[in-house]
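Asks: My structure is below; once you've seen it, I'll send some questions.
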Amino acid sequence: MRKILVPIKRVIDYAQKIRVDSSKGPQGVQLKNVKMSMNPFCEIAVEEAIQLKEKNKGAEVVAISVGPKQCTETIRTALAMGADRGIHIETKPDVRGDYVDLQPWAIASLLKGVVEKEDAVDLVLLGKQSIDSDCGQTGPLLAGLLNAPQATFAANIERGDDGSFTVERETDTGTETIKLNACGKPAVITCDLRLNTPRYPTMPNIMKAKKKPVNTISLEDMVKELGLDLDEVLTPQNEVVEVYEPPPRKEGETVGSIDELLGKLKEKGLVA
């Protein structure tokens with residue numbers, strides 16, 4: 001194996017309570033003083049890439065992120081985990097990557113260009129979805145644009161001596177195993193929760209990550225270099241009409257027995 005490309009996304013940390021900010025309009029979300037981190041499914045993809053690198057000496061892991069200046073911190077996290085270098089396509093601060101402005105089609109188009117620019121990419125590993133938009137579309141769209149073999153919701157990945165990948169993937173009824181044959185194009189695989197447990201970067205590796213190369217290029221320059229149209233990249237295919245918080249849950253009731261519980265459920269028409 002020669003090179004593994006791992007797209008990663010900077011999102012609101014999974015442990016944070018997301019708050020709507022109506023003062024910023026119908027799509028407003030409070031981002032000031034909110035902890036941001038790497039999307040958890042992207043962390044799984046980075047970990048899997050590093051494990052494959054450890055099994056295949058000489059492979060290079062490249063982390064790529066599209067977003068504001070702060071995405072460099074997210075890339076450094078991937079480098080501290082074990083990635084070799086990073087690519088940052090930097091957007092302006094007012095461009096939102098949580099499906100409001102940059103959507104999966106635009107991201108997949110940019111990633112296609114990066115894959116074609118990089119030499120000898122054998123595998124693209126992505127998280128199955130991001131926790132801000134929950135689309136799960138970027139990986140399949142990228143595979144379609146590249147006309148490349150793909151597997152989604154991977155729970156186990158094995159690389160064959162012939163360059164193929166055998167993937168056990170999650171389904172609604174269990175798992176299924178499929179084989180992605182080597183075809184001269186990189187395999188595209190999206191990673192599910194059971195695939196692995198991401199490692200914590202050690203302090204020495206965090207220090208080493210500061211010296212690893214990160215190539216930063218503006219979105220405008222990258223779009224021009226790839227021959228894309230900036231307006232098409234930044235124009236959403238779908239419109240987010242409104243962002244709102246779910247209604248508060250009603251306070252529960254305490255019952256003293258099974259009979260009382262059944263009586264309450266019958267009153268509410270939940271059981272016959």
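Ordered as shown in the structure tokens, chains take letters A, B, and onward, while each chain numbers its residues from 1 and ligands are numbered from 1 in the order shown.
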Using only C-alpha atoms, which residues sit within 9 Å of A:Asn196 once same-chain residues fewer than 4 positions away are excluded, as a VMD selection string?
Replies: chain A and resid 44 to 45 47 to 48 155 to 156 192
Asks: Residues as selected, C-alpha atoms, written as an mmCIF file, in the first residue's frame, can you do that?
Replies:
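Now in again34.cif:
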data_model
loop_
_atom_site.group_PDB
_atom_site.id
_atom_site.type_symbol
_atom_site.label_atom_id
_atom_site.label_comp_id
_atom_site.auth_asym_id
_atom_site.auth_seq_id
_atom_site.Cartn_x
_atom_site.Cartn_y
_atom_site.Cartn_z
ATOM 1 C CA ILE A 44 -12.218 6.155 13.688
ATOM 2 C CA ALA A 45 -11.151 6.606 10.059
ATOM 3 C CA GLU A 47 -7.213 5.235 13.565
ATOM 4 C CA GLU A 48 -7.982 2.636 10.906
ATOM 5 C CA ALA A 155 -17.060 -2.730 10.863
ATOM 6 C CA ASN A 156 -13.873 -4.536 9.739
ATOM 7 C CA ASP A 192 -18.723 2.812 11.404
#
Asks: Quick one: residues within 12 Å of A:Val100, only C-alpha atoms counted, chain neighbours fewer than 4 positions away excluded, as a PDB file with C-alpha atoms, in the first residue's frame?
Replies:
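Result file is out-v7.pdb:
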ATOM      1  CA  PRO A  26     -33.248  31.136  11.372  1.00  0.00           C
ATOM      2  CA  GLN A  27     -30.067  29.071  10.835  1.00  0.00           C
ATOM      3  CA  GLY A  28     -28.192  30.500  13.817  1.00  0.00           C
ATOM      4  CA  VAL A  29     -26.217  28.211  16.148  1.00  0.00           C
ATOM      5  CA  ASP A  94     -18.284  33.171   7.401  1.00  0.00           C
ATOM      6  CA  VAL A  95     -18.519  29.944   5.336  1.00  0.00           C
ATOM      7  CA  ARG A  96     -20.323  27.309   7.383  1.00  0.00           C
ATOM      8  CA  PRO A 104     -21.479  16.917   0.627  1.00  0.00           C
ATOM      9  CA  ALA A 106     -19.083  20.380  -2.850  1.00  0.00           C
ATOM     10  CA  ASP A 132     -23.524  18.030  12.807  1.00  0.00           C
ATOM     11  CA  SER A 133     -25.431  17.269   9.593  1.00  0.00           C
ATOM     12  CA  LEU A 234     -20.606  27.446  -2.255  1.00  0.00           C
ATOM     13  CA  THR A 235     -24.207  27.252  -3.471  1.00  0.00           C
ATOM     14  CA  PRO A 236     -26.091  24.641  -1.405  1.00  0.00           C
ATOM     15  CA  GLN A 237     -27.951  21.922  -3.282  1.00  0.00           C
ATOM     16  CA  ASN A 238     -30.495  21.938  -0.452  1.00  0.00           C
ATOM     17  CA  GLU A 239     -31.572  24.851   1.718  1.00  0.00           C
ATOM     18  CA  VAL A 240     -31.642  24.707   5.511  1.00  0.00           C
ATOM     19  CA  VAL A 241     -34.837  26.647   6.195  1.00  0.00           C
ATOM     20  CA  GLU A 242     -34.637  26.726   9.984  1.00  0.00           C
ATOM     21  CA  VAL A 243     -32.618  25.378  12.891  1.00  0.00           C
TER      22      VAL A 243
END
Asks: Between A:Asp134, A:Glu232, A:Glu176, A:Glu116, which one has atoms that come closest to A:Leu102, using only C-alpha atoms?
Replies: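 Ranked by minimum distance to A:Leu102, first place goes to A:Glu232.
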Asks: Hey, which of A:Val46, A:Leu193, A:Val114, A:Ala182 ends up closest to A:Gly160? Count only C-alpha atoms.
Replies: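 Using only C-alpha atoms, the shortest distance to A:Gly160 belongs to A:Ala182.
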Asks: Using only C-alpha atoms, find the one residue out of A:Thr177, A:Ser257, A:Gln51, A:Gln70 that sits nearest to A:Lys9.
Replies: A:Gln70
Asks: Name the residues of stretch 99-228 of chain A that come out as alpha helix (DSSP H) in a backbone DSSP run; write them as number ranges by chain.
Replies: A: 104-117, 138-146, 203-209, 219-226
Asks: So that I can check the surroundings of stretch 163-173 of chain A, please list as a list in words every protein, DNA and RNA residue that reaches within 9 Å of it, counting only C-alpha atoms and ignoring chain neighbours fewer than 3 positions away.
Replies: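 After dropping sequence-adjacent residues, the list is Met1, Asp122, Ala151, Thr152, Phe153, Ala154, Ala155, Asn156, Ile157, Glu158, Arg159, Gly160, Glu176, Thr177, Ile178, Lys179, Leu180, Asn181, Ala182, Cys183, Ala187, Ile189, Cys191, Asp192 and Arg194 of chain A.
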Asks: Can those selected residues be exported to a file as a CSV table (one decimal), in the first residue's frame so that it contains N, CA, C and O atoms?
Replies:
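For reference, selection15.csv as written:
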chain,number,residue,atom,x,y,z
A,1,MET,N,0.8,-1.2,0.0
A,1,MET,CA,0.0,0.0,0.0
A,1,MET,C,0.9,1.2,0.0
A,1,MET,O,1.9,1.3,0.7
A,122,ASP,N,-4.2,4.7,-2.8
A,122,ASP,CA,-4.8,3.4,-2.8
A,122,ASP,C,-6.2,3.3,-2.1
A,122,ASP,O,-7.0,2.4,-2.4
A,151,ALA,N,-17.3,0.9,-0.1
A,151,ALA,CA,-18.1,0.2,0.9
A,151,ALA,C,-18.4,1.1,2.0
A,151,ALA,O,-17.5,2.0,2.4
A,152,THR,N,-19.6,1.1,2.5
A,152,THR,CA,-20.0,2.0,3.6
A,152,THR,C,-20.3,1.3,4.9
A,152,THR,O,-20.4,0.0,4.9
A,153,PHE,N,-20.2,2.0,6.0
A,153,PHE,CA,-20.5,1.5,7.3
A,153,PHE,C,-19.6,0.3,7.7
A,153,PHE,O,-20.1,-0.7,8.2
A,154,ALA,N,-18.3,0.5,7.5
A,154,ALA,CA,-17.4,-0.6,7.7
A,154,ALA,C,-17.2,-1.0,9.2
A,154,ALA,O,-17.0,-0.1,10.0
A,155,ALA,N,-17.3,-2.2,9.5
A,155,ALA,CA,-17.1,-2.7,10.9
A,155,ALA,C,-15.7,-3.5,10.9
A,155,ALA,O,-15.2,-3.7,12.0
A,156,ASN,N,-15.2,-3.9,9.8
A,156,ASN,CA,-13.9,-4.5,9.7
A,156,ASN,C,-13.3,-4.4,8.3
A,156,ASN,O,-14.1,-4.5,7.3
A,157,ILE,N,-12.0,-4.1,8.2
A,157,ILE,CA,-11.4,-4.0,6.9
A,157,ILE,C,-10.1,-4.8,6.9
A,157,ILE,O,-9.3,-4.8,7.8
A,158,GLU,N,-10.0,-5.6,5.9
A,158,GLU,CA,-8.8,-6.4,5.6
A,158,GLU,C,-8.2,-6.2,4.2
A,158,GLU,O,-9.0,-6.2,3.3
A,159,ARG,N,-6.9,-6.0,4.1
A,159,ARG,CA,-6.3,-5.7,2.8
A,159,ARG,C,-5.7,-7.0,2.3
A,159,ARG,O,-4.9,-7.7,3.0
A,160,GLY,N,-6.0,-7.4,1.1
A,160,GLY,CA,-5.4,-8.6,0.5
A,160,GLY,C,-4.1,-8.3,-0.2
A,160,GLY,O,-3.7,-7.1,-0.5
A,176,GLU,N,-22.7,-7.7,6.5
A,176,GLU,CA,-22.4,-8.4,5.3
A,176,GLU,C,-21.0,-8.2,4.9
A,176,GLU,O,-20.4,-7.2,5.3
A,177,THR,N,-20.4,-9.1,4.2
A,177,THR,CA,-19.0,-9.0,3.8
A,177,THR,C,-18.9,-8.8,2.3
A,177,THR,O,-19.5,-9.7,1.5
A,178,ILE,N,-18.2,-7.8,1.8
A,178,ILE,CA,-18.0,-7.6,0.4
A,178,ILE,C,-16.5,-7.4,0.1
A,178,ILE,O,-15.8,-7.0,1.0
A,179,LYS,N,-16.1,-7.6,-1.1
A,179,LYS,CA,-14.8,-7.5,-1.5
A,179,LYS,C,-14.7,-6.4,-2.6
A,179,LYS,O,-15.4,-6.4,-3.6
A,180,LEU,N,-13.7,-5.4,-2.4
A,180,LEU,CA,-13.5,-4.4,-3.3
A,180,LEU,C,-12.2,-4.8,-4.1
A,180,LEU,O,-11.1,-4.8,-3.5
A,181,ASN,N,-12.4,-5.2,-5.3
A,181,ASN,CA,-11.3,-5.6,-6.1
A,181,ASN,C,-10.4,-4.5,-6.6
A,181,ASN,O,-10.9,-3.3,-6.8
A,182,ALA,N,-9.1,-4.7,-6.6
A,182,ALA,CA,-8.1,-3.7,-7.1
A,182,ALA,C,-8.5,-3.4,-8.6
A,182,ALA,O,-8.6,-4.3,-9.4
A,183,CYS,N,-8.6,-2.1,-8.9
A,183,CYS,CA,-9.0,-1.8,-10.3
A,183,CYS,C,-8.2,-0.6,-10.8
A,183,CYS,O,-8.6,0.0,-11.8
A,187,ALA,N,-9.9,2.6,-3.5
A,187,ALA,CA,-11.2,2.2,-2.8
A,187,ALA,C,-11.6,3.3,-1.9
A,187,ALA,O,-10.8,4.0,-1.3
A,189,ILE,N,-14.0,3.9,1.5
A,189,ILE,CA,-14.6,3.1,2.5
A,189,ILE,C,-15.0,4.1,3.6
A,189,ILE,O,-14.2,5.0,4.1
A,191,CYS,N,-16.4,4.6,7.6
A,191,CYS,CA,-16.1,3.8,8.8
A,191,CYS,C,-17.2,4.0,9.8
A,191,CYS,O,-17.7,5.1,10.1
A,192,ASP,N,-17.7,2.8,10.4
A,192,ASP,CA,-18.7,2.8,11.4
A,192,ASP,C,-18.1,2.7,12.8
A,192,ASP,O,-16.9,2.5,13.0
A,194,ARG,N,-18.1,0.4,15.2
A,194,ARG,CA,-17.5,-0.8,15.7
A,194,ARG,C,-16.2,-1.1,15.1
A,194,ARG,O,-15.5,-2.1,15.5
Asks: Among the residues of stretch 44-232 of chain A, find those DSSP assigns to strand (DSSP E) from the backbone and print them as a PyMOL selection string.
Replies: chain A and resi 60-67+85-90+123-127+150-159+165-171+174-180+187-191+214-218
Asks: Which is closer to A:Leu110 than all the others in A:Gly58, A:Pro186, A:Gly67, A:Gly252, using only C-alpha atoms?
Replies: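 The shortest atom-to-atom distance to A:Leu110 comes from A:Gly67.
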Asks: Quick one: residues within 9 Å of A:Gln129, only C-alpha atoms counted, chain neighbours fewer than 2 positions away excluded, as a list in words?
Replies: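 Contacts, in chain order: Asn39, Phe41, Cys42, Leu126, Gly127, Ile131, Asp132, Ser133, Asp134, Cys135, Gly136, Gln137, Thr138, Gly139, Thr190, Cys191 and Asp192 of chain A.
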Asks: May I ask for the distance between atom CA of A:Ser22 and atom CA of A:Arg249, given in Å to one decimal place?
Replies: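 Atom CA of A:Ser22 sits 20.9 Å away from atom CA of A:Arg249.
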Asks: Can you list, as a PyMOL selection string, every protein, DNA or RNA residue that comes within 6 Å of A:Val124 when you count only C-alpha atoms, leaving out same-chain residues fewer than 2 positions away?
Replies: chain A and resi 4-6+188
Asks: How many Å separate atom CA of A:Thr91 from atom CA of A:Val66?
Replies: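 Straight-line distance from atom CA of A:Thr91 to atom CA of A:Val66 works out to 7.0 Å.
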Asks: From the list A:Glu90, A:Glu43, A:Glu54, A:Glu267, which residue is nearest A:Thr216 when using only C-alpha atoms?
Replies: A:Glu90
Asks: Which residue out of A:Gly97, A:Gly82, A:Gly269, A:Gly227 has the minimum interatomic distance to A:Lys208 when only C-alpha atoms are used?
Replies: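 Once distances to A:Lys208 are computed over only C-alpha atoms, the minimum belongs to A:Gly82.
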